[in-house]
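Written out below as structure tokens is the structure these notes cover.
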Amino acid sequence: MSPRTTLLAAGELAAWWAGFALLWLVLISTVDTLERVIGAAAAALGALAARSARRAVSGP
Amino acid sequence: MADAVIVVALLLVAASATVAVVTRDPVRQALVLAVLGVVLAVLFTVLQAPDVGLSQLAVGSALTPLLLMLTVRKVRRRGQEKGRGR
Amino acid sequence: MNGWTLAATVGLAGGLGTALWGVATGPLRRRVVAQNLSTALACPGLLLLSQAYGRPSYVDLGLVLALLGPVGTLVFARLLADELAEDPPRAWGPTWAVAGLGAATVIALCVATGPSRAMVKLLVIGALLIGGNVIASRALSGGFRGVRRG
């Protein structure tokens with residue numbers, strides 16, 4: 001795994017994470033610290049799942 | 001007058017349930033059942049039970065038709081195999 | 001009874017009544033289109049009801065329906081692929097009409113809500129509703145033949 005592919009993977013994960021975290025913040029009713037923490041964790045899980053799904057569909 | 005929407009939802013449920021009973025072909029029945037699931041969710045919402053409506057939507061709009069269609073498909077395939085074997 | 005309740009009543013009665021009539025009669029190609037449009041018509045009705053009752057949390061029902069309605073239609077499109085390939089449904093007129101109705105409802109609700117997070121949520125639901133509806137319609141009319149046996 002070269003530095004370039006590692007950087008690409010990290011960038012893709014960060015992009016997915018940002019999208020999911022933003023979606024979470026839009027869909028909840030009240031924004032507080034607990035919601036932010038849970039949203040960040042759920043978005044991280046979602047980013048991992050989304051990246052593996054994208055790789056399964058369109059190749060690495 | 002505010003009860004009009006409840007009356008409408010009840011009438012829709014009654015009509016779609018009757019159609020689901022009257023329809024004979026299981027495939028078409030599954031289509032009517034999907035509509036019945038959505039209408040039931042609307043009825044629950046109108047009666048101020050959105051939590052029940054949410055679970056009804058999750059089960060009724062996709063899961064029940066999927067189970068029915070898979071069953072119909074399996075039964076038909078088994079019938080074809082039996083017909084070929086005889 | 002305010003205007004939102006009236007709009008929801010008329011929309012649900014007219015839209016779901018028509019969809020029920022379409023799904024109860026006629027050939028299979030008309031029935032699947034009516035089933036698809038029933039979810040696309042019920043979702044704006046639920047959003048209007050949420051505004052009518054003054055309860056923003058009821059919007060979640062519309063969100064779930066906008067997500068799961070097209071999933072249900074895709075189930076039918078996949079499992080009825082052989083029957084529909086012989087007699088494919090072509091219903092772009094009703095599809096775009098219902099999509100326009102959904103867009104009009106979402107825009108009216110956005111105007112009533114004002115710029116806030118709730119408005120963004122409504123816009124997300126509207127995008128999901130119209131996008132899912134169009135994708136489901138395309139799958140029904142055989143637009144994704146390539147993945148039929150996938």
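Letters for chains follow the order of the structure tokens (A, B, ...), residue numbers begin at 1 for each chain, and ligand numbers begin at 1 in the order shown.
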Inset, instruction - When you get a sec, could you note down which chain C residues fall within 7 Å of chain A, using only C-alpha atoms, as a PyMOL selection string? - result: chain C and resi 117+120-121
Fewer than 3 positions away in the same chain doesn't count, so skip those; otherwise give me all residues within 8 Å of stretch 2-13 of chain A, counting only C-alpha atoms, as a JSON list (two decimals) with C-alpha atoms, in the first residue's frame.
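The result, written out as selection.json:
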```json
[["chain", "number", "residue", "atom", "x", "y", "z"],
["A", 16, "TRP", "CA", -18.28, 9.99, 3.29],
["A", 17, "TRP", "CA", -17.98, 10.86, 7.00],
["A", 47, "ALA", "CA", -18.41, 5.84, 6.04],
["A", 48, "LEU", "CA", -16.68, 2.45, 6.44],
["A", 51, "ARG", "CA", -16.60, 2.72, 1.14]]
```
Quick one: which chain C residues come within 8 Å of chain B, and what is the nearest atom pair for each with the distance in Å to one decimal, counting only C-alpha atoms, rows ordered by chain and ascending number, as JSON lines?
```
{"residue": "C:Met1", "atom": "CA", "partner": "B:Ala2", "partner_atom": "CA", "distance": 5.1}
{"residue": "C:Thr5", "atom": "CA", "partner": "B:Val5", "partner_atom": "CA", "distance": 7.5}
{"residue": "C:Ala8", "atom": "CA", "partner": "B:Val5", "partner_atom": "CA", "distance": 7.7}
{"residue": "C:Thr9", "atom": "CA", "partner": "B:Val5", "partner_atom": "CA", "distance": 5.0}
{"residue": "C:Leu12", "atom": "CA", "partner": "B:Val8", "partner_atom": "CA", "distance": 7.8}
{"residue": "C:Ala13", "atom": "CA", "partner": "B:Val8", "partner_atom": "CA", "distance": 6.1}
{"residue": "C:Leu16", "atom": "CA", "partner": "B:Leu12", "partner_atom": "CA", "distance": 7.6}
{"residue": "C:Gly17", "atom": "CA", "partner": "B:Leu12", "partner_atom": "CA", "distance": 6.9}
{"residue": "C:Leu20", "atom": "CA", "partner": "B:Ser16", "partner_atom": "CA", "distance": 6.6}
{"residue": "C:Val23", "atom": "CA", "partner": "B:Val32", "partner_atom": "CA", "distance": 6.3}
{"residue": "C:Ala24", "atom": "CA", "partner": "B:Val19", "partner_atom": "CA", "distance": 6.5}
{"residue": "C:Leu28", "atom": "CA", "partner": "B:Arg28", "partner_atom": "CA", "distance": 7.4}
{"residue": "C:Arg31", "atom": "CA", "partner": "B:Leu31", "partner_atom": "CA", "distance": 7.2}
{"residue": "C:Val32", "atom": "CA", "partner": "B:Leu31", "partner_atom": "CA", "distance": 6.9}
{"residue": "C:Gln35", "atom": "CA", "partner": "B:Val35", "partner_atom": "CA", "distance": 6.2}
{"residue": "C:Ser38", "atom": "CA", "partner": "B:Val35", "partner_atom": "CA", "distance": 6.6}
{"residue": "C:Thr39", "atom": "CA", "partner": "B:Val38", "partner_atom": "CA", "distance": 6.8}
{"residue": "C:Ala42", "atom": "CA", "partner": "B:Val38", "partner_atom": "CA", "distance": 7.3}
{"residue": "C:Leu46", "atom": "CA", "partner": "B:Val42", "partner_atom": "CA", "distance": 7.0}
{"residue": "C:Leu49", "atom": "CA", "partner": "B:Val46", "partner_atom": "CA", "distance": 7.8}
{"residue": "C:Tyr58", "atom": "CA", "partner": "B:Pro50", "partner_atom": "CA", "distance": 6.7}
{"residue": "C:Leu61", "atom": "CA", "partner": "B:Leu54", "partner_atom": "CA", "distance": 5.9}
{"residue": "C:Val64", "atom": "CA", "partner": "B:Leu57", "partner_atom": "CA", "distance": 7.4}
{"residue": "C:Leu65", "atom": "CA", "partner": "B:Leu57", "partner_atom": "CA", "distance": 6.7}
{"residue": "C:Leu68", "atom": "CA", "partner": "B:Ala62", "partner_atom": "CA", "distance": 6.5}
{"residue": "C:Gly69", "atom": "CA", "partner": "B:Ser61", "partner_atom": "CA", "distance": 6.2}
{"residue": "C:Val71", "atom": "CA", "partner": "B:Ala62", "partner_atom": "CA", "distance": 6.3}
{"residue": "C:Gly72", "atom": "CA", "partner": "B:Ala62", "partner_atom": "CA", "distance": 4.1}
{"residue": "C:Thr73", "atom": "CA", "partner": "B:Ala62", "partner_atom": "CA", "distance": 7.8}
{"residue": "C:Val75", "atom": "CA", "partner": "B:Leu66", "partner_atom": "CA", "distance": 6.2}
{"residue": "C:Phe76", "atom": "CA", "partner": "B:Leu66", "partner_atom": "CA", "distance": 7.8}
{"residue": "C:Leu79", "atom": "CA", "partner": "B:Met69", "partner_atom": "CA", "distance": 6.9}
```
Given the selection you just returned, output its residues as a file containing N, CA and C atoms, formatted as an mmCIF file, in the first residue's frame.
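The result, stored in result-v1.cif:
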```
data_model
loop_
_atom_site.group_PDB
_atom_site.id
_atom_site.type_symbol
_atom_site.label_atom_id
_atom_site.label_comp_id
_atom_site.auth_asym_id
_atom_site.auth_seq_id
_atom_site.Cartn_x
_atom_site.Cartn_y
_atom_site.Cartn_z
ATOM 1 N N MET C 1 -60.360 23.309 11.638
ATOM 2 C CA MET C 1 -59.782 22.723 10.421
ATOM 3 C C MET C 1 -59.057 23.818 9.635
ATOM 4 N N THR C 5 -54.851 20.903 6.846
ATOM 5 C CA THR C 5 -55.666 19.693 6.998
ATOM 6 C C THR C 5 -56.520 19.476 5.762
ATOM 7 N N ALA C 8 -54.379 18.174 2.982
ATOM 8 C CA ALA C 8 -54.011 16.775 3.202
ATOM 9 C C ALA C 8 -55.197 15.865 2.929
ATOM 10 N N THR C 9 -56.403 16.272 3.392
ATOM 11 C CA THR C 9 -57.594 15.442 3.173
ATOM 12 C C THR C 9 -57.873 15.276 1.690
ATOM 13 N N LEU C 12 -55.021 13.214 -0.020
ATOM 14 C CA LEU C 12 -55.045 11.776 0.304
ATOM 15 C C LEU C 12 -56.254 11.103 -0.331
ATOM 16 N N ALA C 13 -57.431 11.757 -0.237
ATOM 17 C CA ALA C 13 -58.636 11.137 -0.800
ATOM 18 C C ALA C 13 -58.495 10.982 -2.311
ATOM 19 N N LEU C 16 -54.831 8.786 -3.194
ATOM 20 C CA LEU C 16 -54.848 7.363 -2.841
ATOM 21 C C LEU C 16 -56.089 6.672 -3.401
ATOM 22 N N GLY C 17 -57.218 7.419 -3.520
ATOM 23 C CA GLY C 17 -58.391 6.820 -4.157
ATOM 24 C C GLY C 17 -58.106 6.436 -5.596
ATOM 25 N N LEU C 20 -55.754 3.477 -5.687
ATOM 26 C CA LEU C 20 -56.453 2.235 -5.328
ATOM 27 C C LEU C 20 -57.269 1.721 -6.511
ATOM 28 N N VAL C 23 -54.871 0.215 -8.978
ATOM 29 C CA VAL C 23 -54.245 -1.042 -8.584
ATOM 30 C C VAL C 23 -55.268 -2.173 -8.549
ATOM 31 N N ALA C 24 -56.568 -1.815 -8.524
ATOM 32 C CA ALA C 24 -57.597 -2.847 -8.415
ATOM 33 C C ALA C 24 -58.066 -3.342 -9.774
ATOM 34 N N LEU C 28 -51.637 -5.869 -15.670
ATOM 35 C CA LEU C 28 -50.584 -5.832 -14.642
ATOM 36 C C LEU C 28 -49.730 -4.582 -14.763
ATOM 37 N N ARG C 31 -51.228 -1.814 -12.907
ATOM 38 C CA ARG C 31 -51.267 -2.010 -11.461
ATOM 39 C C ARG C 31 -49.932 -1.671 -10.810
ATOM 40 N N VAL C 32 -48.816 -2.069 -11.424
ATOM 41 C CA VAL C 32 -47.531 -1.761 -10.791
ATOM 42 C C VAL C 32 -47.278 -0.256 -10.785
ATOM 43 N N GLN C 35 -49.267 1.199 -7.975
ATOM 44 C CA GLN C 35 -48.646 0.931 -6.670
ATOM 45 C C GLN C 35 -47.490 1.884 -6.426
ATOM 46 N N SER C 38 -48.833 5.291 -5.601
ATOM 47 C CA SER C 38 -49.531 5.411 -4.319
ATOM 48 C C SER C 38 -48.570 5.858 -3.220
ATOM 49 N N THR C 39 -47.345 5.308 -3.213
ATOM 50 C CA THR C 39 -46.377 5.748 -2.195
ATOM 51 C C THR C 39 -45.959 7.197 -2.446
ATOM 52 N N ALA C 42 -48.794 9.342 -1.128
ATOM 53 C CA ALA C 42 -49.032 9.326 0.321
ATOM 54 C C ALA C 42 -47.985 10.152 1.058
ATOM 55 N N LEU C 46 -48.575 12.836 4.083
ATOM 56 C CA LEU C 46 -48.065 12.729 5.451
ATOM 57 C C LEU C 46 -47.341 14.005 5.870
ATOM 58 N N LEU C 49 -49.901 16.522 6.746
ATOM 59 C CA LEU C 49 -50.512 16.220 8.042
ATOM 60 C C LEU C 49 -49.613 16.678 9.181
ATOM 61 N N TYR C 58 -43.574 14.365 13.099
ATOM 62 C CA TYR C 58 -44.338 13.520 12.186
ATOM 63 C C TYR C 58 -43.706 13.486 10.794
ATOM 64 N N LEU C 61 -42.274 10.210 9.331
ATOM 65 C CA LEU C 61 -43.085 9.246 8.573
ATOM 66 C C LEU C 61 -42.903 9.453 7.067
ATOM 67 N N VAL C 64 -39.436 8.140 6.031
ATOM 68 C CA VAL C 64 -39.379 6.679 5.907
ATOM 69 C C VAL C 64 -40.113 6.217 4.651
ATOM 70 N N LEU C 65 -41.267 6.833 4.373
ATOM 71 C CA LEU C 65 -42.021 6.419 3.189
ATOM 72 C C LEU C 65 -41.271 6.774 1.904
ATOM 73 N N LEU C 68 -38.620 3.985 1.684
ATOM 74 C CA LEU C 68 -39.030 2.587 1.530
ATOM 75 C C LEU C 68 -40.025 2.364 0.398
ATOM 76 N N GLY C 69 -40.766 3.401 -0.001
ATOM 77 C CA GLY C 69 -41.722 3.221 -1.089
ATOM 78 C C GLY C 69 -41.068 2.737 -2.380
ATOM 79 N N VAL C 71 -38.281 1.257 -2.633
ATOM 80 C CA VAL C 71 -37.722 -0.082 -2.387
ATOM 81 C C VAL C 71 -38.784 -1.149 -2.661
ATOM 82 N N GLY C 72 -40.014 -0.898 -2.171
ATOM 83 C CA GLY C 72 -41.099 -1.844 -2.428
ATOM 84 C C GLY C 72 -41.367 -2.000 -3.920
ATOM 85 N N THR C 73 -41.361 -0.877 -4.652
ATOM 86 C CA THR C 73 -41.599 -0.957 -6.093
ATOM 87 C C THR C 73 -40.478 -1.709 -6.794
ATOM 88 N N VAL C 75 -38.800 -4.130 -5.550
ATOM 89 C CA VAL C 75 -39.057 -5.553 -5.312
ATOM 90 C C VAL C 75 -39.959 -6.105 -6.407
ATOM 91 N N PHE C 76 -41.053 -5.369 -6.700
ATOM 92 C CA PHE C 76 -41.969 -5.826 -7.750
ATOM 93 C C PHE C 76 -41.284 -5.807 -9.106
ATOM 94 N N LEU C 79 -39.001 -8.942 -9.260
ATOM 95 C CA LEU C 79 -39.623 -10.269 -9.238
ATOM 96 C C LEU C 79 -40.681 -10.440 -10.321
#
```
Legend entry - Gap from atom CA of C:Val134 to atom CA of C:Val98 - Å, one decimal: 10.1 Å
Inset, instruction - Take atom CA of C:Ala139 and atom CA of C:Gly100 and report the distance between them in Å, one decimal. - result: 19.6 Å
Inset, instruction - Tell me, in Å to one decimal, how far atom CA of C:Val106 is from atom CA of C:Leu122. - result: 6.5 Å
Inset, instruction - Please provide as an MDAnalysis selection string all residues within 9 Å of C:Ile107, with the sequence filter that same-chain residues fewer than 5 positions apart are discarded (counting only C-alpha atoms). - result: chainID C and resid 102 112 122:123 126
